[in-house]
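Structure data (mmCIF, C-alpha atoms and all ligand atoms) from target-v7.cif:
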data_coords
loop_
_atom_site.label_atom_id
_atom_site.label_comp_id
_atom_site.auth_asym_id
_atom_site.auth_seq_id
_atom_site.Cartn_x
_atom_site.Cartn_y
_atom_site.Cartn_z
CA MET J 1 18.17 27.59 48.70
CA SER J 2 17.15 26.67 45.14
CA LYS J 3 17.15 22.98 44.31
CA ARG J 4 20.69 21.68 43.70
CA GLY J 5 21.76 19.47 40.82
CA LYS J 6 21.99 15.70 41.23
CA SER J 7 25.81 15.65 41.60
CA THR J 8 25.88 18.43 44.19
CA GLU J 9 23.06 16.77 46.09
CA GLN J 10 24.95 13.52 46.34
CA ILE J 11 28.28 15.08 47.34
CA HIS J 12 26.85 17.38 49.99
CA HIS J 13 24.27 14.94 51.37
CA ALA J 14 24.61 15.24 55.16
CA TYR J 15 26.09 12.23 56.88
CA GLN J 16 26.18 11.62 60.61
CA PRO J 17 26.49 8.21 62.25
CA PRO J 18 23.39 7.71 64.40
CA ALA J 19 23.90 8.73 68.03
CA GLY J 20 24.81 5.68 70.10
CA TRP J 21 25.76 3.59 67.04
CA ASP J 22 28.68 1.27 67.74
CA ALA J 23 30.22 -1.91 66.34
CA VAL J 24 33.23 -4.11 67.12
CA PRO J 25 35.58 -3.07 64.29
CA VAL J 26 37.24 0.33 64.11
CA PRO J 27 35.54 2.31 61.30
CA THR J 28 37.52 2.34 58.05
CA TYR J 29 37.99 6.04 57.36
CA LYS J 30 39.16 6.86 53.85
CA ALA J 31 40.62 10.28 53.19
CA SER J 32 42.94 12.27 51.05
CA THR J 33 41.14 15.50 51.99
CA VAL J 34 40.51 16.03 55.67
CA LEU J 35 37.77 18.65 56.17
CA PHE J 36 38.34 21.56 58.55
CA PRO J 37 35.32 22.93 60.42
CA ASP J 38 36.28 26.52 59.50
CA THR J 39 39.18 28.71 58.32
CA ALA J 40 40.31 29.39 61.89
CA ALA J 41 41.04 25.65 62.25
CA LEU J 42 42.80 25.66 58.85
CA HIS J 43 45.05 28.59 59.89
CA ARG J 44 45.90 27.13 63.31
CA PRO J 45 49.63 26.20 63.33
CA ARG J 46 50.23 22.47 63.09
CA SER J 47 50.97 21.15 66.54
CA GLY J 48 53.30 18.24 67.20
CA ASP J 49 50.23 16.25 68.16
CA ALA J 50 49.88 13.21 65.94
CA PHE J 51 46.11 13.43 66.27
CA ALA J 52 45.95 16.88 64.64
CA TYR J 53 44.51 15.58 61.37
CA ARG J 54 45.21 17.85 58.40
CA TYR J 55 45.63 15.62 55.36
CA GLY J 56 45.02 11.95 54.60
CA LEU J 57 48.72 11.21 54.13
CA GLN J 58 49.32 12.00 57.80
CA GLY J 59 46.79 9.44 58.92
CA THR J 60 43.14 8.96 59.75
CA PRO J 61 41.43 7.82 62.95
CA SER J 62 41.64 4.26 61.52
CA SER J 63 45.39 4.29 60.81
CA LEU J 64 46.26 6.07 64.04
CA THR J 65 44.20 3.52 65.98
CA LEU J 66 46.19 0.75 64.31
CA ALA J 67 49.43 2.57 65.21
CA ALA J 68 48.25 2.90 68.82
CA ARG J 69 47.36 -0.82 68.97
CA MET J 70 50.77 -1.77 67.56
CA ALA J 71 52.46 0.42 70.19
CA THR J 72 50.41 -1.38 72.86
CA LEU J 73 51.36 -4.79 71.44
CA GLU J 74 55.06 -3.89 71.48
CA GLN J 75 54.84 -2.14 74.86
CA ALA J 76 56.09 1.04 73.19
CA ARG J 77 54.86 4.64 73.41
CA HIS J 78 54.91 5.59 69.73
CA CYS J 79 54.42 3.85 66.42
CA VAL J 80 54.50 4.91 62.77
CA LEU J 81 53.01 2.93 59.88
CA VAL J 82 54.46 2.67 56.38
CA PRO J 83 53.44 0.74 53.25
CA SER J 84 55.68 -2.32 53.73
CA GLY J 85 58.22 -3.91 56.05
CA LEU J 86 60.94 -2.88 53.66
CA ALA J 87 59.70 0.73 53.77
CA ALA J 88 60.03 0.53 57.57
CA VAL J 89 63.63 -0.67 57.24
CA THR J 90 64.58 2.09 54.80
CA LEU J 91 62.72 4.73 56.81
CA THR J 92 64.60 3.82 59.98
CA SER J 93 68.03 3.97 58.34
CA LEU J 94 67.29 7.20 56.44
CA ALA J 95 65.82 8.90 59.52
CA LEU J 96 68.84 8.12 61.72
CA LEU J 97 71.86 8.26 59.40
CA LYS J 98 73.64 11.01 57.48
CA PRO J 99 76.70 11.07 55.21
CA GLY J 100 79.86 9.99 57.05
CA ASP J 101 77.95 7.89 59.60
CA GLU J 102 78.37 4.17 59.91
CA VAL J 103 75.72 1.49 60.45
CA LEU J 104 76.41 -2.06 61.66
CA LEU J 105 74.26 -4.97 60.52
CA PRO J 106 74.22 -8.64 61.50
CA ASP J 107 75.51 -10.81 58.66
CA ASN J 108 72.20 -12.73 58.69
CA VAL J 109 70.14 -9.53 58.36
CA TYR J 110 66.98 -9.58 56.21
CA GLY J 111 68.25 -9.62 52.61
CA GLN J 112 66.54 -6.42 51.50
CA ASN J 113 68.00 -4.49 54.47
CA ARG J 114 71.42 -5.62 53.26
CA HIS J 115 70.56 -4.51 49.73
CA VAL J 116 69.34 -1.03 50.84
CA THR J 117 72.47 -0.58 52.95
CA VAL J 118 74.97 -1.73 50.34
CA ARG J 119 73.32 -0.02 47.37
CA LEU J 120 71.34 3.03 48.57
CA LEU J 121 73.00 4.09 51.86
CA ALA J 122 76.48 3.67 50.35
CA ARG J 123 75.46 6.02 47.52
CA LEU J 124 74.53 8.60 50.19
CA GLY J 125 77.97 8.32 51.81
CA ILE J 126 76.76 6.18 54.73
CA HIS J 127 79.22 3.38 55.56
CA HIS J 128 78.36 -0.08 56.82
CA ARG J 129 79.92 -3.17 58.31
CA PHE J 130 78.53 -6.63 58.94
CA TYR J 131 78.99 -8.34 62.29
CA ASP J 132 78.68 -11.88 63.61
CA PRO J 133 75.52 -11.77 65.79
CA LEU J 134 76.91 -14.58 67.99
CA ASP J 135 80.14 -12.73 68.89
CA ALA J 136 79.50 -9.62 71.02
CA ALA J 137 83.23 -9.12 71.73
CA ALA J 138 84.14 -8.96 68.03
CA PHE J 139 81.11 -6.70 67.52
CA SER J 140 82.35 -4.26 70.21
CA ALA J 141 85.70 -4.05 68.47
CA LEU J 142 83.98 -3.08 65.18
CA MET J 143 82.30 0.00 66.65
CA THR J 144 83.93 3.36 65.96
CA GLU J 145 83.08 6.96 66.87
CA LYS J 146 81.23 7.09 63.53
CA THR J 147 78.86 4.23 64.44
CA ARG J 148 75.40 5.80 64.77
CA LEU J 149 73.02 2.88 64.29
CA VAL J 150 73.12 -0.85 64.95
CA TRP J 151 70.54 -3.18 63.42
CA LEU J 152 69.63 -6.35 65.32
CA GLU J 153 67.54 -9.24 64.13
CA ALA J 154 66.30 -12.00 66.45
CA ALA J 155 66.33 -14.63 65.10
CA GLY J 156 68.33 -13.83 61.96
CA SER J 157 66.85 -14.43 58.52
CA ILE J 158 67.03 -17.93 57.02
CA THR J 159 69.91 -19.29 59.16
CA MET J 160 67.91 -18.49 62.31
CA GLU J 161 70.87 -17.69 64.61
CA PHE J 162 69.57 -16.08 67.77
CA PRO J 163 71.96 -13.16 68.46
CA ASP J 164 73.75 -12.52 71.74
CA VAL J 165 71.17 -9.80 72.06
CA LEU J 166 72.01 -8.87 75.67
CA GLY J 167 75.76 -8.70 74.94
CA LEU J 168 75.21 -6.64 71.78
CA LEU J 169 72.84 -4.24 73.57
CA HIS J 170 75.28 -3.78 76.47
CA ALA J 171 78.01 -2.81 73.99
CA CYS J 172 75.69 -0.32 72.22
CA LYS J 173 74.47 1.23 75.47
CA ALA J 174 78.06 1.64 76.69
CA ARG J 175 78.78 3.79 73.61
CA GLY J 176 75.38 5.48 73.39
CA VAL J 177 74.69 4.01 69.95
CA THR J 178 71.05 3.81 68.79
CA THR J 179 69.72 0.29 68.25
CA ALA J 180 66.97 -0.84 65.88
CA MET J 181 65.63 -4.38 65.86
CA ASP J 182 63.91 -6.04 62.94
CA ASN J 183 61.30 -7.65 65.18
CA THR J 184 59.18 -9.27 62.47
CA TRP J 185 59.92 -12.77 63.82
CA GLY J 186 59.11 -11.83 67.43
CA ALA J 187 56.07 -9.79 66.34
CA GLY J 188 55.64 -8.35 69.85
CA MET J 189 54.89 -11.90 71.05
CA ALA J 190 58.26 -13.66 71.43
CA PHE J 191 59.67 -11.06 73.84
CA ASN J 192 59.44 -7.39 74.78
CA ALA J 193 62.09 -5.76 72.56
CA PHE J 194 62.17 -2.71 74.83
CA GLU J 195 62.94 -4.77 77.95
CA LEU J 196 64.88 -7.91 76.99
CA ALA J 197 66.47 -7.90 80.43
CA PRO J 198 65.72 -5.52 83.29
CA GLY J 199 66.60 -2.02 82.03
CA LEU J 200 67.99 -3.31 78.74
CA GLY J 201 66.13 -3.01 75.44
CA VAL J 202 66.31 -1.63 71.93
CA ASP J 203 65.55 1.97 70.96
CA LEU J 204 63.44 1.08 67.92
CA SER J 205 61.51 -2.04 67.01
CA MET J 206 60.46 -2.44 63.39
CA GLN J 207 58.08 -5.08 62.07
CA ALA J 208 56.70 -6.20 58.76
CA LEU J 209 52.98 -6.23 59.60
CA THR J 210 52.78 -8.18 56.34
CA LYS J 211 53.66 -11.24 58.43
CA PHE J 212 52.12 -12.01 61.83
CA ALA J 213 50.11 -8.83 62.46
CA SER J 214 48.04 -9.31 59.31
CA GLY J 215 48.21 -13.09 59.27
CA GLY J 216 46.32 -13.29 55.99
CA ALA J 217 49.09 -13.30 53.35
CA ASP J 218 47.04 -10.61 51.64
CA VAL J 219 48.48 -7.25 52.70
CA LEU J 220 51.81 -5.40 52.91
CA MET J 221 52.58 -2.95 55.72
CA GLY J 222 55.36 -2.00 58.14
CA ALA J 223 55.61 -0.37 61.56
CA VAL J 224 58.35 1.21 63.65
CA CYS J 225 57.77 1.49 67.40
CA THR J 226 59.78 3.41 69.99
CA GLN J 227 59.61 4.67 73.56
CA ASP J 228 61.52 7.82 72.66
CA ALA J 229 59.62 10.94 71.55
CA GLY J 230 62.71 12.40 69.83
CA LEU J 231 63.27 9.27 67.71
CA HIS J 232 59.55 9.19 66.89
CA ARG J 233 59.74 12.81 65.63
CA ARG J 234 62.68 11.92 63.37
CA LEU J 235 60.72 9.00 61.89
CA ASP J 236 57.66 11.22 61.40
CA GLU J 237 59.74 13.87 59.65
CA MET J 238 61.29 11.32 57.27
CA ILE J 239 57.83 9.86 56.54
CA GLU J 240 56.76 13.31 55.39
CA PHE J 241 59.82 13.71 53.16
CA LEU J 242 59.22 10.31 51.56
CA GLY J 243 55.45 10.73 51.28
CA TYR J 244 54.71 7.36 52.87
CA GLY J 245 51.09 6.64 53.70
CA VAL J 246 49.04 3.50 54.31
CA GLY J 247 45.81 2.63 52.52
CA ALA J 248 42.55 2.43 54.46
CA ASN J 249 41.68 -1.05 53.15
CA ASP J 250 45.08 -2.35 54.23
CA VAL J 251 44.66 -0.75 57.67
CA GLU J 252 41.30 -2.49 57.94
CA LEU J 253 42.88 -5.87 57.18
CA VAL J 254 45.64 -5.49 59.75
CA LEU J 255 43.19 -4.24 62.41
CA ARG J 256 41.17 -7.36 61.67
CA GLY J 257 44.23 -9.57 62.09
CA LEU J 258 45.49 -8.19 65.40
CA PRO J 259 42.92 -9.70 67.81
CA SER J 260 43.84 -13.23 66.70
CA LEU J 261 47.60 -12.58 66.59
CA PRO J 262 48.38 -14.01 70.06
CA LEU J 263 46.38 -17.19 69.34
CA ARG J 264 47.86 -17.61 65.87
CA TYR J 265 51.38 -16.97 67.12
CA ARG J 266 51.12 -19.63 69.85
CA ALA J 267 49.45 -22.17 67.54
CA GLN J 268 52.00 -21.70 64.73
CA GLU J 269 54.86 -21.75 67.25
CA ALA J 270 53.67 -25.11 68.64
CA SER J 271 53.29 -26.70 65.18
CA THR J 272 56.68 -25.34 64.14
CA LEU J 273 58.44 -26.87 67.16
CA THR J 274 56.74 -30.22 66.56
CA LEU J 275 57.82 -30.31 62.92
CA ALA J 276 61.33 -28.93 63.56
CA ARG J 277 61.97 -31.67 66.15
CA TRP J 278 60.61 -34.30 63.79
CA MET J 279 62.80 -33.06 60.91
CA GLN J 280 65.85 -33.34 63.18
CA GLN J 281 65.33 -37.11 63.23
CA GLN J 282 65.16 -37.55 59.46
CA PRO J 283 68.23 -39.20 57.93
CA ALA J 284 68.40 -36.81 54.93
CA VAL J 285 68.68 -33.78 57.21
CA ALA J 286 72.10 -32.69 58.50
CA ARG J 287 70.79 -30.01 60.88
CA VAL J 288 67.68 -28.09 61.77
CA LEU J 289 68.01 -24.38 62.54
CA HIS J 290 65.48 -23.15 65.11
CA PRO J 291 66.51 -21.10 68.16
CA ALA J 292 64.56 -23.25 70.64
CA LEU J 293 66.43 -26.42 69.61
CA PRO J 294 69.59 -27.23 71.61
CA GLY J 295 72.55 -27.16 69.24
CA SER J 296 71.00 -24.55 66.94
CA PRO J 297 73.26 -21.47 66.66
CA GLY J 298 72.50 -18.98 69.44
CA HIS J 299 70.24 -21.36 71.38
CA ALA J 300 71.84 -20.28 74.69
CA TYR J 301 71.20 -16.61 73.84
CA TRP J 302 67.57 -17.42 73.08
CA GLU J 303 67.32 -19.13 76.49
CA ALA J 304 68.85 -16.04 78.15
CA VAL J 305 65.81 -13.99 77.12
CA SER J 306 63.29 -15.13 79.70
CA GLU J 307 60.29 -17.03 78.33
CA ALA J 308 61.10 -16.12 74.73
CA GLY J 309 58.69 -17.34 72.08
CA SER J 310 60.00 -19.13 69.03
CA GLY J 311 58.01 -18.10 65.95
CA CYS J 312 56.82 -20.05 62.93
CA LEU J 313 60.06 -20.58 61.00
CA PHE J 314 62.73 -23.24 60.84
CA SER J 315 65.34 -24.17 58.27
CA ALA J 316 66.55 -27.65 57.41
CA VAL J 317 70.07 -28.09 56.04
CA PHE J 318 70.18 -31.23 53.91
CA LYS J 319 73.15 -33.59 53.90
CA PRO J 320 75.71 -32.54 51.27
CA ALA J 321 75.12 -35.85 49.45
CA TYR J 322 71.86 -34.37 48.12
CA SER J 323 72.28 -32.03 45.16
CA ALA J 324 70.45 -28.71 44.96
CA ALA J 325 68.30 -30.22 42.18
CA GLU J 326 67.31 -33.16 44.41
CA VAL J 327 66.34 -30.77 47.21
CA ASP J 328 64.33 -28.70 44.70
CA ALA J 329 62.51 -31.90 43.70
CA PHE J 330 61.74 -32.54 47.41
CA VAL J 331 60.19 -29.04 47.67
CA ASP J 332 58.23 -29.60 44.42
CA ALA J 333 56.86 -32.87 45.86
CA LEU J 334 55.32 -31.09 48.89
CA GLN J 335 51.58 -30.67 48.61
CA CYS J 336 50.59 -28.78 51.78
CA PHE J 337 53.43 -26.25 51.42
CA GLY J 338 53.27 -23.39 48.93
CA ILE J 339 56.48 -22.28 47.25
CA GLY J 340 56.80 -18.56 47.86
CA TYR J 341 58.17 -15.74 49.98
CA SER J 342 56.80 -14.18 53.14
CA TRP J 343 55.38 -16.17 56.09
CA ALA J 344 52.99 -16.15 59.07
CA GLY J 345 49.96 -16.50 56.81
CA PRO J 346 47.50 -19.42 56.90
CA MET J 347 49.41 -21.52 54.32
CA SER J 348 52.72 -23.20 55.10
CA LEU J 349 55.56 -22.31 52.73
CA ALA J 350 58.91 -23.82 51.74
CA VAL J 351 61.77 -22.07 49.92
CA PRO J 352 65.19 -23.54 49.06
CA TYR J 353 68.04 -21.03 49.52
CA ASP J 354 71.55 -20.82 48.15
CA LEU J 355 73.43 -18.61 50.61
CA THR J 356 76.80 -18.62 48.87
CA HIS J 357 76.51 -15.05 47.59
CA SER J 358 74.39 -13.47 50.29
CA ARG J 359 76.70 -13.56 53.30
CA SER J 360 80.00 -11.83 54.13
CA LEU J 361 81.03 -14.10 57.02
CA PRO J 362 81.31 -17.91 56.91
CA LEU J 363 78.11 -19.89 57.55
CA PRO J 364 77.81 -21.74 60.89
CA TRP J 365 78.54 -25.04 59.07
CA THR J 366 81.11 -26.13 56.49
CA PRO J 367 80.20 -27.53 53.04
CA GLU J 368 81.16 -31.00 54.39
CA GLU J 369 78.66 -30.58 57.25
CA GLY J 370 75.68 -29.34 55.29
CA GLY J 371 74.40 -28.69 51.77
CA THR J 372 71.24 -27.02 50.50
CA LEU J 373 68.98 -25.25 52.98
CA VAL J 374 65.19 -25.16 52.89
CA ARG J 375 63.37 -22.54 54.98
CA PHE J 376 59.95 -23.66 56.20
CA ALA J 377 57.25 -21.26 57.36
CA ILE J 378 54.54 -23.12 59.23
CA GLY J 379 50.96 -21.94 58.76
CA LEU J 380 47.68 -22.93 60.31
CA GLU J 381 47.10 -26.33 58.69
CA ASP J 382 46.64 -29.41 60.90
CA VAL J 383 50.13 -30.34 62.01
CA GLU J 384 49.67 -34.06 61.27
CA ASP J 385 48.90 -33.27 57.63
CA LEU J 386 52.08 -31.21 57.40
CA ARG J 387 54.15 -33.99 58.98
CA ALA J 388 52.68 -36.60 56.60
CA ASP J 389 53.41 -34.31 53.65
CA LEU J 390 57.04 -33.82 54.70
CA ALA J 391 57.36 -37.60 55.17
CA GLN J 392 56.06 -38.44 51.68
CA ALA J 393 58.33 -35.84 50.03
CA LEU J 394 61.36 -37.06 52.04
CA ALA J 395 60.58 -40.65 51.03
CA ARG J 396 60.94 -39.65 47.36
CA LEU J 397 64.31 -38.07 48.13
CA GLY J 398 65.52 -41.54 49.18
C1 LIG A 1 59.20 -9.82 55.23
C2 LIG A 1 60.24 -9.18 56.05
C3 LIG A 1 60.54 -7.83 55.89
C4 LIG A 1 59.91 -6.96 54.82
O1 LIG A 1 58.54 -6.90 54.83
P1 LIG A 1 57.70 -6.57 53.49
O2 LIG A 1 56.41 -6.09 54.02
O3 LIG A 1 57.63 -7.85 52.73
O4 LIG A 1 58.45 -5.51 52.76
C5 LIG A 1 61.50 -7.28 56.72
N1 LIG A 1 62.15 -8.02 57.63
C6 LIG A 1 61.89 -9.32 57.80
C7 LIG A 1 62.66 -10.09 58.82
C8 LIG A 1 60.94 -9.95 57.02
O5 LIG A 1 60.71 -11.26 57.17
#
What does the file become when written as structure tokens?
Ligand SMILES: *Cc1c(COP(=O)(O)O)cnc(C)c1O
Amino acid sequence: MSKRGKSTEQIHHAYQPPAGWDAVPVPTYKASTVLFPDTAALHRPRSGDAFAYRYGLQGTPSSLTLAARMATLEQARHCVLVPSGLAAVTLTSLALLKPGDEVLLPDNVYGQNRHVTVRLLARLGIHHRFYDPLDAAAFSALMTEKTRLVWLEAAGSITMEFPDVLGLLHACKARGVTTAMDNTWGAGMAFNAFELAPGLGVDLSMQALTKFASGGADVLMGAVCTQDAGLHRRLDEMIEFLGYGVGANDVELVLRGLPSLPLRYRAQEASTLTLARWMQQQPAVARVLHPALPGSPGHAYWEAVSEAGSGCLFSAVFKPAYSAAEVDAFVDALQCFGIGYSWAGPMSLAVPYDLTHSRSLPLPWTPEEGGTLVRFAIGLEDVEDLRADLAQALARLG
């Protein structure tokens, strides 16, 4: 062959990893184009096999390894990856619901799930109702023959109620209704979502890998795991319609985070419990919301799930005597806590919330019992530094 030009030479330069080469991390494969060995392979009909690589959007050996590791973590059989936790929420609802169907959500569901349901699903003719996650009997009465999907969240966002998950699941199983859990808080560590009690688990477990799986506060990704091949196919089909894919660099970051997830989860859980118990004793605080604390809403339901973990979040409801502006000043005075959304990264975070317009059902406390709420996400700092920081900011509050 005559000598090729410099561009052609570079593009067609043979590459083969050396025989026997190995390293600890999974290689980061980057691909839009996936090369076929010959036209016979190109013409072969696409099998249902997830590992039949045809185009980068459908995954690479790196992304499918991450999916397989997530399925292992969650004790599931299948897992799909999407570009964010919110994408995983929307994917699940769109894959399972059609016009005329009804979806039930806990009133303390992740705010963006509520938004998608109320704004997008409603536009598609999909109805919704919100239920009290602590009242399985009232929940049962809400279900109709149109109910096709029930979302669960354990613990619920911001107010941290642990749902009567066994009661809710019994009611869904009795009617054959599909259940999906937003399992970002549990992260595959707090409990096995597919076996919360013998023979009783959810059908789908979705997680924002943005949080614990990555652990770095530097990447967005979501996953949906299931035991059921039929549900997995429906998710896969919807992923193709929506054109969801995950970037190789993001996959690399989450693969790097997973080995330390169990250690990080347990360390952050221990610091969180220490600080939540300490906050309970502070005179400015009316109540602390954390499922492992007796008296926190749903504590008994949390205890009913054997050896449940308890995550890295707690909320403190300040006494109503403190104005929202005073509580904001307390948050501004914190030095070890960033002010910002998300959680399960290295840095602890604090966010004040006004829940007056984001719930349909009454809060678990009256305005006389509690005022402004601050949600704390505990990171990996030394717990004594965090406690000292909370103490100095509380001291300014008076
Ligand atoms: C953060 C979060 C999500 C969404 O994840 P993103 O990757 O930020 O879109 C969904 N559910 C819960 C409970 C979350 O905390």
Query raised in the report: Which neighbours of segment 292-305 of chain J fall inside 7 Å, counting all atoms listed in the file, when residues of the same chain fewer than 4 positions from it are skipped, and could you give them as a VMD selection string?
Result: chain J and resid 134 161 to 164 196 to 197 310
Give me, as a Markdown table, each residue of segment 112-203 of chain J that comes within 10 Å of segment 221-239 of chain J, together with its shortest interatomic pair and the distance in Å at one decimal, counting only C-alpha atoms, with rows ordered by chain and rising residue number.
| residue | atom | partner | partner_atom | distance |
| --- | --- | --- | --- | --- |
| J:Thr178 | CA | J:Leu231 | CA | 9.6 |
| J:Ala180 | CA | J:Val224 | CA | 9.1 |
| J:Met181 | CA | J:Val224 | CA | 9.4 |
| J:Asp182 | CA | J:Val224 | CA | 9.2 |
| J:Asn183 | CA | J:Val224 | CA | 9.5 |
| J:Thr184 | CA | J:Gly222 | CA | 9.3 |
| J:Ala193 | CA | J:Thr226 | CA | 9.8 |
| J:Phe194 | CA | J:Gln227 | CA | 7.9 |
| J:Val202 | CA | J:Thr226 | CA | 8.5 |
| J:Asp203 | CA | J:Thr226 | CA | 6.0 |
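Of note, atom CA of Cys172 of chain J and atom CA of Val82 of chain J are spaced 26.7 Å apart.
Across the model, the gap from atom C1 of ligand LIG 1 (chain A) to atom CA of Ala350 of chain J is 14.4 Å.
Closest approach to Thr117 of chain J from the set J:Leu255, J:Leu149, J:Val246, J:Ala141 is made by J:Leu149, with distances taken over all atoms listed in the file.
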Requested in this report: Give me the residues within 12 Å of Ser323 of chain J as a list in words, counting only C-alpha atoms and dropping any in the same chain fewer than 2 places off.
Outcome: Ala284, Val317, Phe318, Lys319, Pro320, Ala321, Ala325, Glu326, Val327, Asp328, Ala329, Phe330, Pro352, Asp354, Gly370, Gly371, Thr372, Leu373 and Leu397 of chain J
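Taking atom CA of Gln392 of chain J and atom CA of Asp332 of chain J as endpoints, the distance between them is 11.6 Å.
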